[in-house]
Amino acid sequence: MHRLLVFAATASAAKQQRCGCAVIGANASLAANPACPERFRGHDALDAGTAELTVAYLYYRDVAYAARHVAAWNAYDDALLAKLLFLIVDDGSPRDAAADVFGALAPRGRVVVVRIAEDLAWNVGGARNLAFHVAPTSHVLAVDSDQKLSPALLDWALAHRPAGCAVLRGFPRVLESSGRKHRRVHPGVVLESRRTYWTAGGCDEDLVGHYGFTDLAHYGRVEKAAGCALEAAASAPPLVYMDEPREKAAFFSRSTRRNRGVLDAKLAGDAAWSADYLRFSWDFVRLS
């Protein structure tokens with residue numbers, strides 16, 4: 001038995017919209033942007049059920065990765081699966097949509113797909129904001145789609161959910177092909193609460209459209225938020241790195257020059273952090 005929920009995007013005039021549909025409101029969560037309140041979708045649409053942790057993946061035509069993730073999920077025991085909700089954010093895949101790919105693979109457990117309508121270049125921050133917006137659990141483990149998770153790592157994450165305003169980052173990883181330790185920790189995998197994420201300001205969508213520094217911008221905001229801190233996940237069991245090239249990298253420039261300048265200006269106080277979120281179209285459609 002498996003249940004697949006799909007949040008499919010609708011057609012829109014998003015290119016004419018200059019601001020995101022949401023702002024940070026009360027209780028460190030998103031609320032309607034007064035500039036366009038009709039576009040906002042409430043964040044309580046998903047029921048956590050038995051899940052204690054949302055595992056959120058960013059997806060862009062990652063067909064080979066999807067099959068390997070589902071194979072791993074299907075090997076988890078029932079007790080672990082009951083504590084997890086797998087959230088797939090399809091970042092505008094023009095084909096090989098996540099809903100079609102994951103649905104055909106018949107995953108065990110609870111899987112949710114939310115799809116962004118526009119195929120925006122390097123919309124990492126926007127996609128991650130959407131994940132932390134719709135996740136129904138208090139904590140989210142945000143993972144790139146080329147990182148596979150062992151049961152030991154998930155058990156560790158469940159046991160180490162930060163109680164305060166803290167972000168666990170710097171997860172170690174090994175190469176799937178050889179089992180050898182990767183020379184770098186993963187820069188973007190994080191474990192944090194939704195309250196921490198939005199208290200710190202989420203991801204800055206001014207960086208969307210260009211490559212790089214999305215994670216560093218979020219970490220910079222965490223460090224500037226009163227009472228919040230970054231913590232190392234050095235004791236975590238390793239991620240398993242699957243090293244096929246990412247589809248999106250073939251179509252979009254990986255130059256970091258523009259985003260480096262934007263981030264430097266924001267950290268120096270010469271430019272404001274973004275204050276509106278979800279600058280794209282998406283909508284809820286439930287399939288069971």
# chains A, B, ... in the order shown; residues from 1 in each chain; ligands from 1
$ select_by_dssp --residues "segment 133-258 of chain A" --states "helix (DSSP H, G or I)" --output "MDAnalysis selection string"
chainID A and resid 133:134 151:159 194:199 205:207 214:224 248:250 257:258
$ residues_around --residues "segment 167-184 of chain A" --least-positions-apart "3" --cutoff "9 Å" --atoms "only C-alpha atoms" --output "PyMOL selection string"
chain A and resi 147-148+160-162+187-193+196-197+219+222+228-243
$ write_last_selection --atoms "N, CA, C and O atoms" --output "tab-separated table (two decimals), in the first residue's frame"
chain	number	residue	atom	x	y	z
A	147	GLN	N	21.22	13.03	-2.90
A	147	GLN	CA	21.68	12.48	-1.61
A	147	GLN	C	20.70	11.43	-1.12
A	147	GLN	O	19.51	11.72	-0.96
A	148	LYS	N	21.17	10.22	-0.90
A	148	LYS	CA	20.32	9.13	-0.43
A	148	LYS	C	20.48	8.99	1.08
A	148	LYS	O	21.56	9.22	1.63
A	160	HIS	N	17.63	13.93	16.92
A	160	HIS	CA	18.40	15.17	17.08
A	160	HIS	C	17.68	16.40	16.53
A	160	HIS	O	18.32	17.40	16.21
A	161	ARG	N	16.36	16.36	16.49
A	161	ARG	CA	15.62	17.54	16.05
A	161	ARG	C	15.89	18.68	17.04
A	161	ARG	O	15.64	18.51	18.25
A	162	PRO	N	16.40	19.81	16.55
A	162	PRO	CA	16.73	20.90	17.48
A	162	PRO	C	15.51	21.39	18.24
A	162	PRO	O	14.45	21.61	17.66
A	187	PRO	N	26.91	21.08	1.62
A	187	PRO	CA	26.66	22.47	2.02
A	187	PRO	C	25.20	22.83	2.23
A	187	PRO	O	24.90	23.81	2.91
A	188	GLY	N	24.28	22.04	1.64
A	188	GLY	CA	22.89	22.47	1.64
A	188	GLY	C	21.92	21.62	2.43
A	188	GLY	O	20.77	22.02	2.61
A	189	VAL	N	22.32	20.46	2.91
A	189	VAL	CA	21.42	19.62	3.69
A	189	VAL	C	21.30	20.19	5.10
A	189	VAL	O	22.31	20.46	5.76
A	190	VAL	N	20.07	20.41	5.54
A	190	VAL	CA	19.85	21.00	6.86
A	190	VAL	C	18.74	20.27	7.60
A	190	VAL	O	17.83	19.70	6.98
A	191	LEU	N	18.81	20.31	8.92
A	191	LEU	CA	17.75	19.84	9.79
A	191	LEU	C	17.39	21.00	10.70
A	191	LEU	O	18.22	21.48	11.47
A	192	GLU	N	16.15	21.48	10.59
A	192	GLU	CA	15.73	22.61	11.41
A	192	GLU	C	14.21	22.61	11.53
A	192	GLU	O	13.50	21.96	10.75
A	193	SER	N	13.72	23.37	12.48
A	193	SER	CA	12.28	23.50	12.62
A	193	SER	C	11.75	24.54	11.65
A	193	SER	O	12.48	25.44	11.22
A	196	THR	N	12.19	27.95	13.26
A	196	THR	CA	13.54	28.50	13.09
A	196	THR	C	13.72	29.06	11.68
A	196	THR	O	14.25	30.16	11.50
A	197	TYR	N	13.28	28.29	10.70
A	197	TYR	CA	13.47	28.68	9.31
A	197	TYR	C	12.85	30.05	9.04
A	197	TYR	O	13.50	30.93	8.45
A	219	TYR	N	22.17	30.80	6.05
A	219	TYR	CA	23.00	30.69	7.26
A	219	TYR	C	23.34	32.08	7.81
A	219	TYR	O	23.39	32.27	9.03
A	222	VAL	N	20.40	33.23	9.73
A	222	VAL	CA	20.29	32.52	11.00
A	222	VAL	C	21.21	33.15	12.03
A	222	VAL	O	20.83	33.40	13.19
A	228	CYS	N	19.38	32.55	17.68
A	228	CYS	CA	19.51	31.44	16.74
A	228	CYS	C	20.99	31.10	16.52
A	228	CYS	O	21.86	31.96	16.67
A	229	ALA	N	21.25	29.85	16.14
A	229	ALA	CA	22.63	29.42	15.98
A	229	ALA	C	22.73	28.32	14.93
A	229	ALA	O	21.76	27.60	14.66
A	230	LEU	N	23.93	28.21	14.36
A	230	LEU	CA	24.28	27.11	13.47
A	230	LEU	C	25.03	26.05	14.26
A	230	LEU	O	25.91	26.38	15.04
A	231	GLU	N	24.69	24.79	14.05
A	231	GLU	CA	25.34	23.69	14.75
A	231	GLU	C	25.79	22.64	13.75
A	231	GLU	O	25.13	22.41	12.74
A	232	ALA	N	26.90	21.99	14.02
A	232	ALA	CA	27.46	20.98	13.13
A	232	ALA	C	26.76	19.64	13.33
A	232	ALA	O	26.47	19.24	14.46
A	233	ALA	N	26.53	18.95	12.21
A	233	ALA	CA	25.95	17.61	12.25
A	233	ALA	C	27.02	16.56	12.04
A	233	ALA	O	26.79	15.52	11.41
A	234	ALA	N	28.20	16.81	12.59
A	234	ALA	CA	29.36	15.95	12.34
A	234	ALA	C	29.16	14.52	12.83
A	234	ALA	O	29.75	13.58	12.30
A	235	SER	N	28.31	14.33	13.85
A	235	SER	CA	28.12	12.98	14.40
A	235	SER	C	27.06	12.18	13.66
A	235	SER	O	26.81	11.02	13.99
A	236	ALA	N	26.43	12.78	12.65
A	236	ALA	CA	25.38	12.08	11.92
A	236	ALA	C	25.96	10.98	11.03
A	236	ALA	O	27.06	11.13	10.48
A	237	PRO	N	25.26	9.86	10.88
A	237	PRO	CA	25.65	8.89	9.86
A	237	PRO	C	25.68	9.57	8.50
A	237	PRO	O	24.91	10.51	8.26
A	238	PRO	N	26.54	9.13	7.59
A	238	PRO	CA	26.73	9.89	6.34
A	238	PRO	C	25.56	9.78	5.37
A	238	PRO	O	24.87	8.77	5.30
A	239	LEU	N	25.38	10.87	4.62
A	239	LEU	CA	24.57	10.82	3.42
A	239	LEU	C	25.27	9.94	2.40
A	239	LEU	O	26.49	9.75	2.46
A	240	VAL	N	24.52	9.42	1.43
A	240	VAL	CA	25.10	8.65	0.33
A	240	VAL	C	24.95	9.49	-0.94
A	240	VAL	O	23.84	9.74	-1.40
A	241	TYR	N	26.09	9.93	-1.46
A	241	TYR	CA	26.10	10.84	-2.61
A	241	TYR	C	26.03	10.05	-3.91
A	241	TYR	O	26.90	9.23	-4.21
A	242	MET	N	24.99	10.32	-4.71
A	242	MET	CA	24.84	9.72	-6.03
A	242	MET	C	25.36	10.74	-7.05
A	242	MET	O	24.83	11.84	-7.15
A	243	ASP	N	26.36	10.36	-7.81
A	243	ASP	CA	27.15	11.37	-8.51
A	243	ASP	C	26.82	11.58	-9.98
A	243	ASP	O	27.63	12.12	-10.73
$ select_by_dssp --residues "segment 44-179 of chain A" --states "strand (DSSP E or B)" --output "number ranges by chain"
A: 53-59, 84-90, 109-115, 139-144, 147-148, 166-169, 171, 173-175
$ closest_atom_pairs --of "segment 61-127 of chain A" --to "segment 33-47 of chain A" --cutoff "12 Å" --atoms "only C-alpha atoms" --output "tab-separated table"
residue	atom	partner	partner_atom	distance
A:Leu85	CA	A:Asp47	CA	10.1
A:Leu87	CA	A:Leu46	CA	10.8
A:Arg110	CA	A:Asp47	CA	11.1
A:Val111	CA	A:Leu46	CA	11.5
A:Val112	CA	A:Leu46	CA	9.3
A:Val113	CA	A:Leu46	CA	11.5
A:Val114	CA	A:Leu46	CA	11.3
$ residues_around --residues "Arg257 of chain A" --least-positions-apart "3" --cutoff "9 Å" --atoms "only C-alpha atoms" --output "ChimeraX atom specification"
/A:210-212,260-262
$ write_last_selection --atoms "N, CA, C and O atoms" --output "PDB file, in the first residue's frame"
ATOM      1  N   HIS A 210      20.016  32.910 -10.641  1.00  0.00           N
ATOM      2  CA  HIS A 210      21.467  32.821 -10.752  1.00  0.00           C
ATOM      3  C   HIS A 210      21.965  31.763  -9.764  1.00  0.00           C
ATOM      4  O   HIS A 210      21.313  31.461  -8.775  1.00  0.00           O
ATOM      5  N   TYR A 211      23.123  31.230 -10.036  1.00  0.00           N
ATOM      6  CA  TYR A 211      23.634  30.089  -9.280  1.00  0.00           C
ATOM      7  C   TYR A 211      24.393  30.520  -8.029  1.00  0.00           C
ATOM      8  O   TYR A 211      25.135  31.492  -8.034  1.00  0.00           O
ATOM      9  N   GLY A 212      24.201  29.763  -6.950  1.00  0.00           N
ATOM     10  CA  GLY A 212      25.082  29.837  -5.805  1.00  0.00           C
ATOM     11  C   GLY A 212      24.620  30.730  -4.659  1.00  0.00           C
ATOM     12  O   GLY A 212      23.823  31.640  -4.807  1.00  0.00           O
ATOM     13  N   ARG A 260      27.206  36.260  -5.623  1.00  0.00           N
ATOM     14  CA  ARG A 260      28.227  36.632  -4.631  1.00  0.00           C
ATOM     15  C   ARG A 260      28.118  38.126  -4.299  1.00  0.00           C
ATOM     16  O   ARG A 260      28.162  38.521  -3.138  1.00  0.00           O
ATOM     17  N   GLY A 261      27.949  38.939  -5.331  1.00  0.00           N
ATOM     18  CA  GLY A 261      27.822  40.370  -5.104  1.00  0.00           C
ATOM     19  C   GLY A 261      26.562  40.718  -4.342  1.00  0.00           C
ATOM     20  O   GLY A 261      26.577  41.569  -3.438  1.00  0.00           O
ATOM     21  N   VAL A 262      25.450  40.055  -4.682  1.00  0.00           N
ATOM     22  CA  VAL A 262      24.185  40.305  -3.984  1.00  0.00           C
ATOM     23  C   VAL A 262      24.307  39.940  -2.508  1.00  0.00           C
ATOM     24  O   VAL A 262      23.901  40.701  -1.613  1.00  0.00           O
TER      25      VAL A 262
END
$ closest_residue --among "A:Asn129, A:Ser145, A:Asn74, A:Ser281" --to "Arg115 of chain A" --atoms "only C-alpha atoms"
A:Ser281
$ closest_residue --among "A:Ala71, A:Val55, A:Ala271, A:Leu207" --to "Ala142 of chain A" --atoms "only C-alpha atoms"
A:Val55
$ closest_residue --among "A:Val63, A:Leu130, A:Ala51, A:Ala106" --to "Asp146 of chain A" --atoms "only C-alpha atoms"
A:Val63
$ residues_around --residues "Cys19 of chain A" --least-positions-apart "2" --cutoff "10 Å" --atoms "only C-alpha atoms" --output "PyMOL selection string"
chain A and resi 14+16-17+21-23+33+35-36+274-280
$ closest_residue --among "A:Ala48, A:Ala66, A:Ile24, A:Ala117" --to "Ala82 of chain A" --atoms "only C-alpha atoms"
A:Ala48
$ residues_around --residues "Trp122 of chain A" --least-positions-apart "3" --cutoff "10 Å" --atoms "only C-alpha atoms" --output "list in words"
Asp91, Asp119, Gly125, Gly126, Ala127, Leu207, Val208, Gly209, His210, Tyr211, Gly212, Thr214, Lys248, Ala249, Phe252, Ser253 and Arg254 of chain A
$ write_last_selection --atoms "N, CA and C atoms" --output "short mmCIF file (atom, residue, chain, number, x, y, z; two decimals), in the first residue's frame"
data_model
loop_
_atom_site.label_atom_id
_atom_site.label_comp_id
_atom_site.auth_asym_id
_atom_site.auth_seq_id
_atom_site.Cartn_x
_atom_site.Cartn_y
_atom_site.Cartn_z
N ASP A 91 10.69 21.46 -9.11
CA ASP A 91 11.05 22.85 -9.41
C ASP A 91 10.87 23.17 -10.89
N ASP A 119 9.39 27.17 -14.93
CA ASP A 119 10.73 26.57 -14.97
C ASP A 119 11.74 27.70 -14.78
N GLY A 125 16.12 28.65 -3.70
CA GLY A 125 15.54 29.32 -2.54
C GLY A 125 14.03 29.30 -2.55
N GLY A 126 13.43 29.53 -3.72
CA GLY A 126 11.98 29.50 -3.80
C GLY A 126 11.41 28.12 -3.53
N ALA A 127 12.05 27.09 -4.09
CA ALA A 127 11.59 25.72 -3.88
C ALA A 127 11.72 25.31 -2.42
N LEU A 207 18.03 35.85 -4.95
CA LEU A 207 19.11 35.08 -5.56
C LEU A 207 18.62 34.17 -6.68
N VAL A 208 17.31 33.98 -6.79
CA VAL A 208 16.74 33.10 -7.82
C VAL A 208 17.08 33.65 -9.20
N GLY A 209 17.40 32.73 -10.09
CA GLY A 209 17.76 33.11 -11.46
C GLY A 209 19.24 33.02 -11.72
N HIS A 210 20.02 32.91 -10.64
CA HIS A 210 21.47 32.82 -10.75
C HIS A 210 21.97 31.76 -9.76
N TYR A 211 23.12 31.23 -10.04
CA TYR A 211 23.63 30.09 -9.28
C TYR A 211 24.39 30.52 -8.03
N GLY A 212 24.20 29.76 -6.95
CA GLY A 212 25.08 29.84 -5.80
C GLY A 212 24.62 30.73 -4.66
N THR A 214 22.74 30.41 -2.07
CA THR A 214 21.43 30.34 -1.41
C THR A 214 21.57 29.85 0.02
N LYS A 248 19.45 20.09 -14.40
CA LYS A 248 19.34 21.54 -14.52
C LYS A 248 20.68 22.19 -14.85
N ALA A 249 21.75 21.58 -14.40
CA ALA A 249 23.07 22.15 -14.64
C ALA A 249 23.40 22.25 -16.13
N PHE A 252 21.47 25.81 -17.34
CA PHE A 252 21.61 27.10 -16.70
C PHE A 252 23.06 27.34 -16.29
N SER A 253 23.48 28.58 -16.39
CA SER A 253 24.85 28.95 -16.04
C SER A 253 25.13 28.70 -14.57
N ARG A 254 26.35 28.26 -14.28
CA ARG A 254 26.77 28.04 -12.90
C ARG A 254 27.71 29.14 -12.41
#
$ atom_distance --atom1 "atom CA of Leu120 of chain A" --atom2 "atom CA of Tyr59 of chain A"
12.8 Å
$ residues_around --residues "Ala226 of chain A" --least-positions-apart "6" --cutoff "12 Å" --atoms "only C-alpha atoms" --output "number ranges by chain"
A: 164-166, 196, 199-201
$ write_last_selection --atoms "N, CA and C atoms" --output "compact mmCIF listing (two decimals), in the first residue's frame"
# COMPACT_ATOMS: atom_id res chain seq x y z
N GLY A 164 15.57 24.29 20.14
CA GLY A 164 15.54 25.74 20.09
C GLY A 164 15.72 26.25 18.68
N CYS A 165 16.15 27.51 18.58
CA CYS A 165 16.35 28.14 17.28
C CYS A 165 17.75 27.79 16.78
N ALA A 166 17.87 26.61 16.20
CA ALA A 166 19.17 26.13 15.73
C ALA A 166 19.00 25.40 14.41
N THR A 196 12.19 27.95 13.26
CA THR A 196 13.54 28.50 13.09
C THR A 196 13.72 29.06 11.68
N THR A 199 11.75 32.26 11.39
CA THR A 199 12.28 33.27 12.29
C THR A 199 13.51 33.92 11.69
N ALA A 200 14.33 33.10 11.02
CA ALA A 200 15.56 33.60 10.39
C ALA A 200 15.30 34.27 9.04
N GLY A 201 14.11 34.13 8.51
CA GLY A 201 13.79 34.79 7.24
C GLY A 201 13.76 33.89 6.03
$ closest_residue --among "A:Ala152, A:Ala159, A:Leu216, A:Ala225" --to "Asp77 of chain A" --atoms "only C-alpha atoms"
A:Ala152
$ closest_residue --among "A:Val101, A:Ala131, A:Ala31, A:Ala79" --to "Ala56 of chain A" --atoms "only C-alpha atoms"
A:Ala131
$ residues_around --residues "Leu105 of chain A" --least-positions-apart "6" --cutoff "12 Å" --atoms "only C-alpha atoms" --output "list of chain:residue names"
A:His2, A:Arg3, A:Leu4, A:Val63, A:Ala64, A:Tyr65, A:Ala66, A:Ala67, A:Arg68, A:His69, A:Val70, A:Ala71, A:Ala72, A:Trp73, A:Asn74, A:Ala98, A:Ala99, A:Val111
$ write_last_selection --atoms "N, CA, C and O atoms" --output "compact mmCIF listing (two decimals), in the first residue's frame"
# COMPACT_ATOMS: atom_id res chain seq x y z
N HIS A 2 0.46 2.23 -0.77
CA HIS A 2 1.15 3.51 -0.72
C HIS A 2 0.14 4.59 -1.01
O HIS A 2 -0.91 4.37 -1.59
N ARG A 3 0.47 5.77 -0.56
CA ARG A 3 -0.39 6.90 -0.83
C ARG A 3 0.45 8.01 -1.43
O ARG A 3 1.47 8.39 -0.89
N LEU A 4 -0.01 8.51 -2.57
CA LEU A 4 0.72 9.59 -3.25
C LEU A 4 -0.20 10.78 -3.34
O LEU A 4 -1.29 10.69 -3.90
N VAL A 63 15.04 11.61 -12.69
CA VAL A 63 14.38 10.32 -12.83
C VAL A 63 15.21 9.20 -12.21
O VAL A 63 14.68 8.37 -11.46
N ALA A 64 16.50 9.15 -12.52
CA ALA A 64 17.33 8.08 -11.97
C ALA A 64 17.43 8.16 -10.45
O ALA A 64 17.40 7.14 -9.76
N TYR A 65 17.53 9.35 -9.94
CA TYR A 65 17.58 9.51 -8.49
C TYR A 65 16.26 9.05 -7.86
O TYR A 65 16.25 8.43 -6.79
N ALA A 66 15.14 9.37 -8.49
CA ALA A 66 13.84 9.02 -7.93
C ALA A 66 13.73 7.52 -7.72
O ALA A 66 13.28 7.06 -6.65
N ALA A 67 14.12 6.73 -8.71
CA ALA A 67 14.03 5.28 -8.58
C ALA A 67 14.87 4.77 -7.43
O ALA A 67 14.47 3.86 -6.69
N ARG A 68 16.03 5.35 -7.23
CA ARG A 68 16.92 4.89 -6.15
C ARG A 68 16.42 5.33 -4.78
O ARG A 68 16.57 4.62 -3.79
N HIS A 69 15.81 6.52 -4.72
CA HIS A 69 15.20 6.93 -3.46
C HIS A 69 14.06 5.99 -3.08
O HIS A 69 13.98 5.53 -1.94
N VAL A 70 13.20 5.69 -4.03
CA VAL A 70 12.06 4.83 -3.72
C VAL A 70 12.52 3.44 -3.33
O VAL A 70 11.97 2.82 -2.41
N ALA A 71 13.55 2.94 -3.98
CA ALA A 71 14.09 1.63 -3.58
C ALA A 71 14.56 1.66 -2.13
O ALA A 71 14.36 0.69 -1.38
N ALA A 72 15.19 2.77 -1.74
CA ALA A 72 15.63 2.90 -0.35
C ALA A 72 14.44 3.00 0.59
O ALA A 72 14.40 2.32 1.63
N TRP A 73 13.45 3.84 0.26
CA TRP A 73 12.28 3.98 1.12
C TRP A 73 11.56 2.64 1.30
O TRP A 73 11.12 2.30 2.40
N ASN A 74 11.45 1.90 0.21
CA ASN A 74 10.70 0.64 0.27
C ASN A 74 11.40 -0.41 1.11
O ASN A 74 10.80 -1.42 1.47
N ALA A 98 7.73 15.11 -11.43
CA ALA A 98 7.89 14.26 -10.24
C ALA A 98 6.64 13.45 -9.94
O ALA A 98 6.73 12.30 -9.53
N ALA A 99 5.47 14.04 -10.12
CA ALA A 99 4.24 13.32 -9.82
C ALA A 99 4.12 12.05 -10.67
O ALA A 99 3.74 10.99 -10.17
N VAL A 111 3.96 9.94 0.54
CA VAL A 111 4.73 10.78 -0.38
C VAL A 111 3.84 11.92 -0.85
O VAL A 111 2.70 11.70 -1.24
$ decode --residues "segment 155-185 of chain A" --atoms "N, CA and C atoms" --output "mmCIF file, in the first residue's frame"
data_model
loop_
_atom_site.group_PDB
_atom_site.id
_atom_site.type_symbol
_atom_site.label_atom_id
_atom_site.label_comp_id
_atom_site.auth_asym_id
_atom_site.auth_seq_id
_atom_site.Cartn_x
_atom_site.Cartn_y
_atom_site.Cartn_z
ATOM 1 N N ASP A 155 17.030 7.807 11.658
ATOM 2 C CA ASP A 155 16.871 7.623 13.108
ATOM 3 C C ASP A 155 17.629 8.711 13.864
ATOM 4 N N TRP A 156 18.830 9.042 13.386
ATOM 5 C CA TRP A 156 19.631 10.102 14.000
ATOM 6 C C TRP A 156 18.902 11.434 13.919
ATOM 7 N N ALA A 157 18.340 11.741 12.750
ATOM 8 C CA ALA A 157 17.630 13.004 12.562
ATOM 9 C C ALA A 157 16.413 13.103 13.481
ATOM 10 N N LEU A 158 15.679 12.019 13.609
ATOM 11 C CA LEU A 158 14.520 12.020 14.500
ATOM 12 C C LEU A 158 14.933 12.272 15.947
ATOM 13 N N ALA A 159 16.090 11.740 16.322
ATOM 14 C CA ALA A 159 16.558 11.884 17.705
ATOM 15 C C ALA A 159 17.245 13.211 17.969
ATOM 16 N N HIS A 160 17.629 13.933 16.918
ATOM 17 C CA HIS A 160 18.400 15.169 17.084
ATOM 18 C C HIS A 160 17.679 16.397 16.535
ATOM 19 N N ARG A 161 16.357 16.360 16.487
ATOM 20 C CA ARG A 161 15.625 17.541 16.052
ATOM 21 C C ARG A 161 15.890 18.680 17.045
ATOM 22 N N PRO A 162 16.395 19.809 16.552
ATOM 23 C CA PRO A 162 16.734 20.896 17.482
ATOM 24 C C PRO A 162 15.515 21.394 18.242
ATOM 25 N N ALA A 163 15.699 21.593 19.538
ATOM 26 C CA ALA A 163 14.604 22.071 20.377
ATOM 27 C C ALA A 163 14.462 23.584 20.309
ATOM 28 N N GLY A 164 15.569 24.288 20.138
ATOM 29 C CA GLY A 164 15.543 25.741 20.088
ATOM 30 C C GLY A 164 15.720 26.251 18.680
ATOM 31 N N CYS A 165 16.150 27.511 18.581
ATOM 32 C CA CYS A 165 16.346 28.137 17.279
ATOM 33 C C CYS A 165 17.746 27.794 16.776
ATOM 34 N N ALA A 166 17.873 26.608 16.202
ATOM 35 C CA ALA A 166 19.170 26.125 15.733
ATOM 36 C C ALA A 166 18.998 25.401 14.412
ATOM 37 N N VAL A 167 20.045 25.451 13.599
ATOM 38 C CA VAL A 167 20.083 24.759 12.312
ATOM 39 C C VAL A 167 21.249 23.782 12.335
ATOM 40 N N LEU A 168 20.959 22.509 12.131
ATOM 41 C CA LEU A 168 22.003 21.500 12.009
ATOM 42 C C LEU A 168 22.413 21.408 10.548
ATOM 43 N N ARG A 169 23.683 21.571 10.275
ATOM 44 C CA ARG A 169 24.203 21.541 8.907
ATOM 45 C C ARG A 169 25.558 20.834 8.911
ATOM 46 N N GLY A 170 26.180 20.724 7.727
ATOM 47 C CA GLY A 170 27.486 20.091 7.642
ATOM 48 C C GLY A 170 27.421 18.586 7.771
ATOM 49 N N PHE A 171 26.430 17.978 7.133
ATOM 50 C CA PHE A 171 26.278 16.526 7.202
ATOM 51 C C PHE A 171 27.388 15.842 6.403
ATOM 52 N N PRO A 172 28.056 14.850 6.981
ATOM 53 C CA PRO A 172 29.072 14.105 6.218
ATOM 54 C C PRO A 172 28.399 13.255 5.149
ATOM 55 N N ARG A 173 29.185 12.811 4.187
ATOM 56 C CA ARG A 173 28.638 11.974 3.128
ATOM 57 C C ARG A 173 29.711 11.045 2.582
ATOM 58 N N VAL A 174 29.246 9.964 1.970
ATOM 59 C CA VAL A 174 30.135 9.011 1.316
ATOM 60 C C VAL A 174 29.703 8.863 -0.135
ATOM 61 N N LEU A 175 30.639 8.412 -0.974
ATOM 62 C CA LEU A 175 30.340 8.170 -2.377
ATOM 63 C C LEU A 175 29.638 6.828 -2.533
ATOM 64 N N GLU A 176 28.541 6.817 -3.254
ATOM 65 C CA GLU A 176 27.799 5.576 -3.440
ATOM 66 C C GLU A 176 28.632 4.545 -4.185
ATOM 67 N N SER A 177 29.421 4.992 -5.154
ATOM 68 C CA SER A 177 30.159 4.063 -6.000
ATOM 69 C C SER A 177 31.251 3.314 -5.256
ATOM 70 N N SER A 178 31.891 3.966 -4.301
ATOM 71 C CA SER A 178 33.042 3.357 -3.630
ATOM 72 C C SER A 178 32.880 3.204 -2.126
ATOM 73 N N GLY A 179 31.929 3.913 -1.540
ATOM 74 C CA GLY A 179 31.784 3.903 -0.091
ATOM 75 C C GLY A 179 32.793 4.783 0.621
ATOM 76 N N ARG A 180 33.654 5.461 -0.145
ATOM 77 C CA ARG A 180 34.660 6.321 0.470
ATOM 78 C C ARG A 180 34.049 7.620 0.965
ATOM 79 N N LYS A 181 34.664 8.176 1.985
ATOM 80 C CA LYS A 181 34.210 9.438 2.542
ATOM 81 C C LYS A 181 34.418 10.558 1.537
ATOM 82 N N HIS A 182 33.385 11.372 1.335
ATOM 83 C CA HIS A 182 33.514 12.536 0.458
ATOM 84 C C HIS A 182 34.386 13.571 1.160
ATOM 85 N N ARG A 183 35.198 14.288 0.384
ATOM 86 C CA ARG A 183 36.136 15.226 0.992
ATOM 87 C C ARG A 183 35.442 16.460 1.567
ATOM 88 N N ARG A 184 34.192 16.682 1.217
ATOM 89 C CA ARG A 184 33.461 17.826 1.743
ATOM 90 C C ARG A 184 32.144 17.390 2.363
ATOM 91 N N VAL A 185 31.744 18.075 3.428
ATOM 92 C CA VAL A 185 30.388 17.881 3.938
ATOM 93 C C VAL A 185 29.423 18.487 2.934
#
